[in-house]
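Here the structure is laid out as structure tokens; the discussion comes afterwards.
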Number of protein chains: 6
Amino acid sequence: MKILAIGAHPDDIEIFMFGLLTLFKERGDQVYLMIATDGSKGGVNKGELLQNKRKLETISALKNLSSPIFLDITDSELGDDPQHKKIIKENILNIMPDLIITHSQNDYHADHRSLSLIASSSVSHYIPIMFCDTLMGINFQPNYYVDITDIFTMKMKAILNHHSQDPQRFVDLSILMNSYRAAQCNSPKGCFAEAYSFTPSFPFSDIRNILPPSPKLKPFYIEDQHGFL
Amino acid sequence: MKILAIGAHPDDIEIFMFGLLTLFKERGDQVYLMIATDGSKGGVNKGELLQNKRKLETISALKNLSSPIFLDITDSELGDDPQHKKIIKENILNIMPDLIITHSQNDYHADHRSLSLIASSSVSHYIPIMFCDTLMGINFQPNYYVDITDIFTMKMKAILNHHSQDPQRFVDLSILMNSYRAAQCNSPKGCFAEAYSFTPSFPFSDIRNILPPSPKLKPFYIEDQHGFL
Amino acid sequence: MKILAIGAHPDDIEIFMFGLLTLFKERGDQVYLMIATDGSKGGVNKGELLQNKRKLETISALKNLSSPIFLDITDSELGDDPQHKKIIKENILNIMPDLIITHSQNDYHADHRSLSLIASSSVSHYIPIMFCDTLMGINFQPNYYVDITDIFTMKMKAILNHHSQDPQRFVDLSILMNSYRAAQCNSPKGCFAEAYSFTPSFPFSDIRNILPPSPKLKPFYIEDQHGFL
Amino acid sequence: MKILAIGAHPDDIEIFMFGLLTLFKERGDQVYLMIATDGSKGGVNKGELLQNKRKLETISALKNLSSPIFLDITDSELGDDPQHKKIIKENILNIMPDLIITHSQNDYHADHRSLSLIASSSVSHYIPIMFCDTLMGINFQPNYYVDITDIFTMKMKAILNHHSQDPQRFVDLSILMNSYRAAQCNSPKGCFAEAYSFTPSFPFSDIRNILPPSPKLKPFYIEDQHGFL
Amino acid sequence: MKILAIGAHPDDIEIFMFGLLTLFKERGDQVYLMIATDGSKGGVNKGELLQNKRKLETISALKNLSSPIFLDITDSELGDDPQHKKIIKENILNIMPDLIITHSQNDYHADHRSLSLIASSSVSHYIPIMFCDTLMGINFQPNYYVDITDIFTMKMKAILNHHSQDPQRFVDLSILMNSYRAAQCNSPKGCFAEAYSFTPSFPFSDIRNILPPSPKLKPFYIEDQHGFL
Amino acid sequence: MKILAIGAHPDDIEIFMFGLLTLFKERGDQVYLMIATDGSKGGVNKGELLQNKRKLETISALKNLSSPIFLDITDSELGDDPQHKKIIKENILNIMPDLIITHSQNDYHADHRSLSLIASSSVSHYIPIMFCDTLMGINFQPNYYVDITDIFTMKMKAILNHHSQDPQRFVDLSILMNSYRAAQCNSPKGCFAEAYSFTPSFPFSDIRNILPPSPKLKPFYIEDQHGFL
């Protein structure tokens, strides 16, 4: 199967989708990666050379998944120019994946929201599109969870490649977000999960047979130590 | 696995859940069936002997799945007496299934809505609960679909056991509903699907690994005849 | 009264709005028809001459209603260029209808969704806008129904004019959709209805006096054969 | 046609539904009125004789519509006892109206919310049920409006019969609420409207042909004085 | 603190936000005002000189708050050109306020809706954005109320500066809207409130410490005359 | 001011509301505490003496706030008997607090959901009612946040009093939940917040002036270490 992940900025795929993508890769899928903006506004040390630096960091971070496609739209301006949709659409249609994963239309960053709308509009009814978790989960109701416990160390390493971004804070954020999502499935301490949202739409009313399995069900109050509670 | 289906009236399991339950049965699960009311108000020929007649029709209709438990609450009064919850709860906890399937809280019939609330309240956070399709689907947004094409003839036969209910009309209804649900997955003419709704709730945030697989994904405009469009 | 229907593609008006428009025509309203895109991507036989062929098919299909206005936007690109809104807005304001009917913002096709947003934005608060049913009704909650039983043969004939589109499948789809919508009103087998959605907005808080009447109310379990159940 | 209005307290029908009921009466419908509680907690002068006083005030206020049925449930306890549902259900089924009008499940007063749930549950799918406006309209989205300008003086008089309730404040409230609802339809100053909400449910997917017509549509910025703006 | 109000047309700030802005001004905040369009389509006397006239009226109306910035986008075309977002974004970022107040995405006028989307997209996650009331409040659920009773005379005077707009009707509208919002807080007759809506979004999950205090809580049925009821 | 917290089980107040209640206590409010059920089903060691043990643990845990009122409803049966509402209502009305805090109607445990409905129904429109966070936050959208960083050690100690419940897991849960809620406000690592939800309802449309202040606003990408990111 062909899976396409589209992140708005150079570190978004690592933070929000790395676990699921690794699971796809491990089961033999072709994983395509696209980064919409140049990340030139990211972080505390904005500046001229930032754009190239971030490209190299991203290639390094994602090297086990695939070589990312950079669309080089100016950071924080995604969607401001009608050309952006043409670029994104053309690149998606070149690949024609079986599933797209990108940001949610409720995310905190306007670039994420624009990308989500543009990607949804670009694929129309030809490709199912699933939304990754949002920054701190506000107004986001996931309905698909994926256990990434075995992958979490790799995920942290991937994020730490983004030296220009003071990346430890994003590792901290991922520990908090992904252990929170695991706890929502009553997975014990030390487990991690990523959460996604998919809304049925013709003809993709139920996409379960594309996805890796859900975390093991863990009832409440398990007597031994196999649950959070 | 233990699966419990709870219908409000003697023919509800057949009309709304028969396909999925047969799939559970075929994969080796234990299927439990419960009918909440006596069905004494159902259909055009209400009368004294109706209650027993419907019991026999139901036993016959469901004989390939399991022997149903009749709770004998008076038809059209489900929930009017606090004892109803006690009866339903006790019977559910006796079984302690891994999954419950019952009506939606948005269904057309007050007994269906009451049963749905009572069952949800009875299981609390101990058992996941999934809602079947509603009568004519109004205000119901399914997120799980199951292909029942191979089972549909059996489903029609099961419904036709309900002689007292003028059952052809419910066969007609099922043909319309289940072909409509199949078409929502772009399955070709002659396919049938049942649709269900599950809302994440702690600790059951994602129940995919309980369910049979979704219908095969069928993209739009398939060149040969393997899609509806 | 002046009624304007706007379809995204050459056969959308026939499939989604033909019944209601015929009712408007029959009561003496002026019916205006607009087709936004050239339909050049539609169907299984895409190709160079398709655009003209579809125009002729559309003119023939809609000849009893009115002569359609073709806006000739490239199929599958509706909304990608800011000029599209200017074209659509100008054409709407030229007519200044009393009611617009177009696709829903929840439909399956990105062109339908774009058209819906553009039309809503174009009319602002000057003209009420009502949304037609979506492809297979997913995430669509209609609140207005129209009985099109007497018109359904004409509707099928209109659809069948679209020879280039392998139109029988759209007839099949309409039979399924429109009999399902009729059954939601408990209309008996052999009845057909179209379903629409209108959301109150200042100053159009209640548009009942523009619309044809609703289907006759049919209570549950009618003893003779005048209901579905 | 038979129309049944059910108010929770002795003055609710006057405040929330009087205009629409008068329109039904004027077109020849049979109007039935039911008051669920005894109103013994209402107003600033609670006391022993209040219950009887309010009954007389209500009979007087509603005398042009019909003689109200008093169910005499203790004020502020509606729904606390399972018998309440039995009483309400029995009284509704005795009448078997074509339409019920009662409070919304989002209203401010727990008695209103309980009555709304009990009435909906009592009628199941046998009778359509429409909800009247709420106290100050919070969380209420009406979709049906009725012009009561010609009736508003009568409505004020009806409310003023409730001497025990310091009724001028409810007249003030009605002036504010009903002129606000009229202004939502762009009706000019001096107009009044009542607002209602109806949600489609099988088999009552569209109840337009039961209701009186909507207020005349008034576009924005009418040059003469026939609109609010 | 720096507060930025953005109105779509020359009188929108006066009608929808004047009270709150005056409270900000009175507590010593810097208030910035921006008017997006030239207002050339507003009112009953459209014409060539209207644009300049409205600018002067606006300067006069808002003189106690601040000198407004006019963006001079053509009235009724806001958002039709991608340049509009660039202009709005640049002007917002020049100010970098602590809070933005603008129209809601559910308002009646397409310019209001476009402005709301553009402003939200422009500020991304850098500035919290709060939405003012809509024209006649349809589909708007406020969650913040501000008591403007002491300011209401000033507000009416500000509106009356818009001579070209036949402004008395907007005074009437404000009296109705703002007394309705006050009554939703059970404030007595003669009180006025403005209503706003804010949705949590990272990192602005709770903005209470930016806002002026809410109206005094007034319980139901206050014995003396300090409540509406 | 009088604040009443109602927990379903003996440790719920500690886990879900302890921080906010301590803030109320510290500013001089009277804090009332009510525990609805006897907690006899809680935890891994159910048994005969559990009920009394939990009472003592609760008294000890809450001793700095107030002496709790125990309603002694059987654990896991809250709402199954109509007497439960009478007991809860009577106890609330005895206190007549200015604000009630209890569980949300979307929580995971049926007792929590029942208590929430019963409390809302009991107070009608006389007392504002705010809902605390749910177990793992699924389907819960908070709109009020409270910084409890300075209180968090006390909160952990309070939870640890519940020896019978294997309380370390609830401390772990609180660390995860409350640091996640703090991070939603971009508070730095080591901060904790509790999250609450309040829905406007007449006459309590805006309750800000009852609550302690929100956490300090922290913009995105603060250069020094005063934010999470």
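Labels used: A, B, ... for chains in the order of the structure tokens, numbers from 1 for residues in each chain, and numbers from 1 for ligands as shown.
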* To do: Using only C-alpha atoms, find which residues of chain A lie within 6 Å of chain C and jot them down as a ChimeraX atom specification.
  => /A:121,124-125,202
Return as a compact mmCIF listing (two decimals) with C-alpha atoms, in the first residue's frame the full set of residues in stretch 138-210 of chain F whose backbone-based DSSP assignment is helix (DSSP H, G or I).
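So states_20.txt came out as:
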```txt
# COMPACT_ATOMS: atom_id res chain seq x y z
CA THR F 149 0.69 24.09 40.78
CA ASP F 150 1.13 25.40 44.32
CA ILE F 151 -1.48 22.99 45.61
CA PHE F 152 -0.45 19.87 43.73
CA THR F 153 1.63 18.34 46.54
CA MET F 154 -1.35 18.68 48.86
CA LYS F 155 -3.56 17.11 46.23
CA MET F 156 -1.28 14.09 45.89
CA LYS F 157 -1.22 13.69 49.67
CA ALA F 158 -4.99 13.86 49.80
CA ILE F 159 -5.29 11.10 47.19
CA LEU F 160 -2.76 8.94 49.00
CA HIS F 163 -5.05 3.32 51.07
CA SER F 164 -7.77 0.83 50.18
CA GLN F 165 -7.70 1.97 46.56
CA GLN F 168 -0.51 5.54 43.73
CA ARG F 169 -2.19 4.83 40.40
CA PHE F 170 -4.57 7.75 40.98
CA VAL F 171 -1.62 9.96 41.84
CA ASP F 172 -0.03 8.88 38.55
CA LEU F 173 -3.28 9.60 36.76
CA SER F 174 -3.52 13.06 38.33
CA ILE F 175 0.07 13.89 37.42
CA LEU F 176 -0.70 12.98 33.82
CA MET F 177 -4.10 14.68 33.61
CA ASN F 178 -3.16 17.87 35.44
CA SER F 179 0.17 18.36 33.67
CA TYR F 180 -1.63 17.79 30.37
CA ARG F 181 -4.23 20.45 31.27
CA ALA F 182 -1.43 22.85 32.28
CA ALA F 183 0.36 22.22 29.00
CA GLN F 184 -2.86 23.11 27.14
CA ARG F 208 -16.70 34.40 35.77
CA ASN F 209 -17.10 36.47 38.90
CA ILE F 210 -17.56 33.36 41.04
```
* Who sits within 8 Å of E:Ile69, only C-alpha atoms, same chain under 3 positions skipped, as number ranges by chain -> E: 33-35
Residues as selected, all heavy atoms, written as a compact mmCIF listing (two decimals), in the first residue's frame, can you do that?
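Heads up, here's the output in part36.txt:
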```txt
# COMPACT_ATOMS: atom_id res chain seq x y z
N LEU E 33 -8.36 50.25 16.21
CA LEU E 33 -9.58 50.01 15.45
C LEU E 33 -9.23 49.86 13.97
O LEU E 33 -8.46 50.67 13.43
CB LEU E 33 -10.54 51.18 15.63
CG LEU E 33 -10.86 51.57 17.08
CD1 LEU E 33 -11.62 52.89 17.11
CD2 LEU E 33 -11.65 50.48 17.78
N MET E 34 -9.81 48.87 13.34
CA MET E 34 -9.53 48.65 11.93
C MET E 34 -10.86 48.40 11.22
O MET E 34 -11.69 47.65 11.75
CB MET E 34 -8.63 47.42 11.80
CG MET E 34 -7.75 47.41 10.58
SD MET E 34 -6.70 45.93 10.61
CE MET E 34 -5.43 46.38 11.78
N ILE E 35 -11.07 49.04 10.09
CA ILE E 35 -12.29 48.83 9.31
C ILE E 35 -11.88 48.27 7.95
O ILE E 35 -11.17 48.92 7.18
CB ILE E 35 -13.09 50.15 9.16
CG1 ILE E 35 -13.73 50.48 10.53
CG2 ILE E 35 -14.19 50.01 8.12
CD1 ILE E 35 -13.18 51.69 11.16
```
* Residues within 7 Å of C:Pro188, only C-alpha atoms, excluding chain neighbours under 5 positions, as a list in words ->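 Selected residues are Ala183, His226, Gly227 and Phe228 of chain C.
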Written file, previous selection with N, CA and C atoms, as a CSV table (one decimal), in the first residue's frame:
```csv
chain,number,residue,atom,x,y,z
C,183,ALA,N,-39.0,6.6,2.1
C,183,ALA,CA,-39.2,5.7,3.2
C,183,ALA,C,-39.0,6.4,4.6
C,226,HIS,N,-51.0,2.3,2.7
C,226,HIS,CA,-50.6,3.6,2.3
C,226,HIS,C,-49.4,4.1,3.1
C,227,GLY,N,-48.6,3.2,3.7
C,227,GLY,CA,-47.3,3.6,4.3
C,227,GLY,C,-46.3,2.5,4.0
C,228,PHE,N,-45.1,2.8,4.2
C,228,PHE,CA,-44.0,1.9,4.0
C,228,PHE,C,-44.1,0.8,5.1
```
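Take atom CA of D:Thr37 and atom CA of D:Lys25: the distance between them is 24.1 Å.
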* To do: Please run DSSP on the backbone and report, as an MDAnalysis selection string, all residues within stretch 6-206 of chain F that come out as strand (DSSP E or B).
  => chainID F and resid 6:7 30:37 69:73 99:102 129:132 144:147 193:197 201 204
* To do: Excluding D:Tyr126 and any residue of its chain fewer than 4 positions from it, enumerate the residues within 10 Å of it, using only C-alpha atoms, and give them as a list in words.
  =>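 Close residues of D:Tyr126: Tyr108, His109 and Ala110 of chain B; Pro219, Phe220 and Tyr221 of chain C; Leu93, Met96, Pro97, Asp98, Leu99, Ser122, Phe202, Pro203 and Phe204 of chain D.
As for atom CA of C:Thr199 and atom CA of C:Asn143, they are spaced 8.9 Å apart.
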* So which one's closest to D:Ile6, D:Leu229, D:Leu56, D:Ala36, D:Val146? Using only C-alpha atoms, please. -> D:Ala36
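Note that the spacing between atom CA of E:Thr22 and atom CA of E:Ala5 amounts to 11.4 Å.
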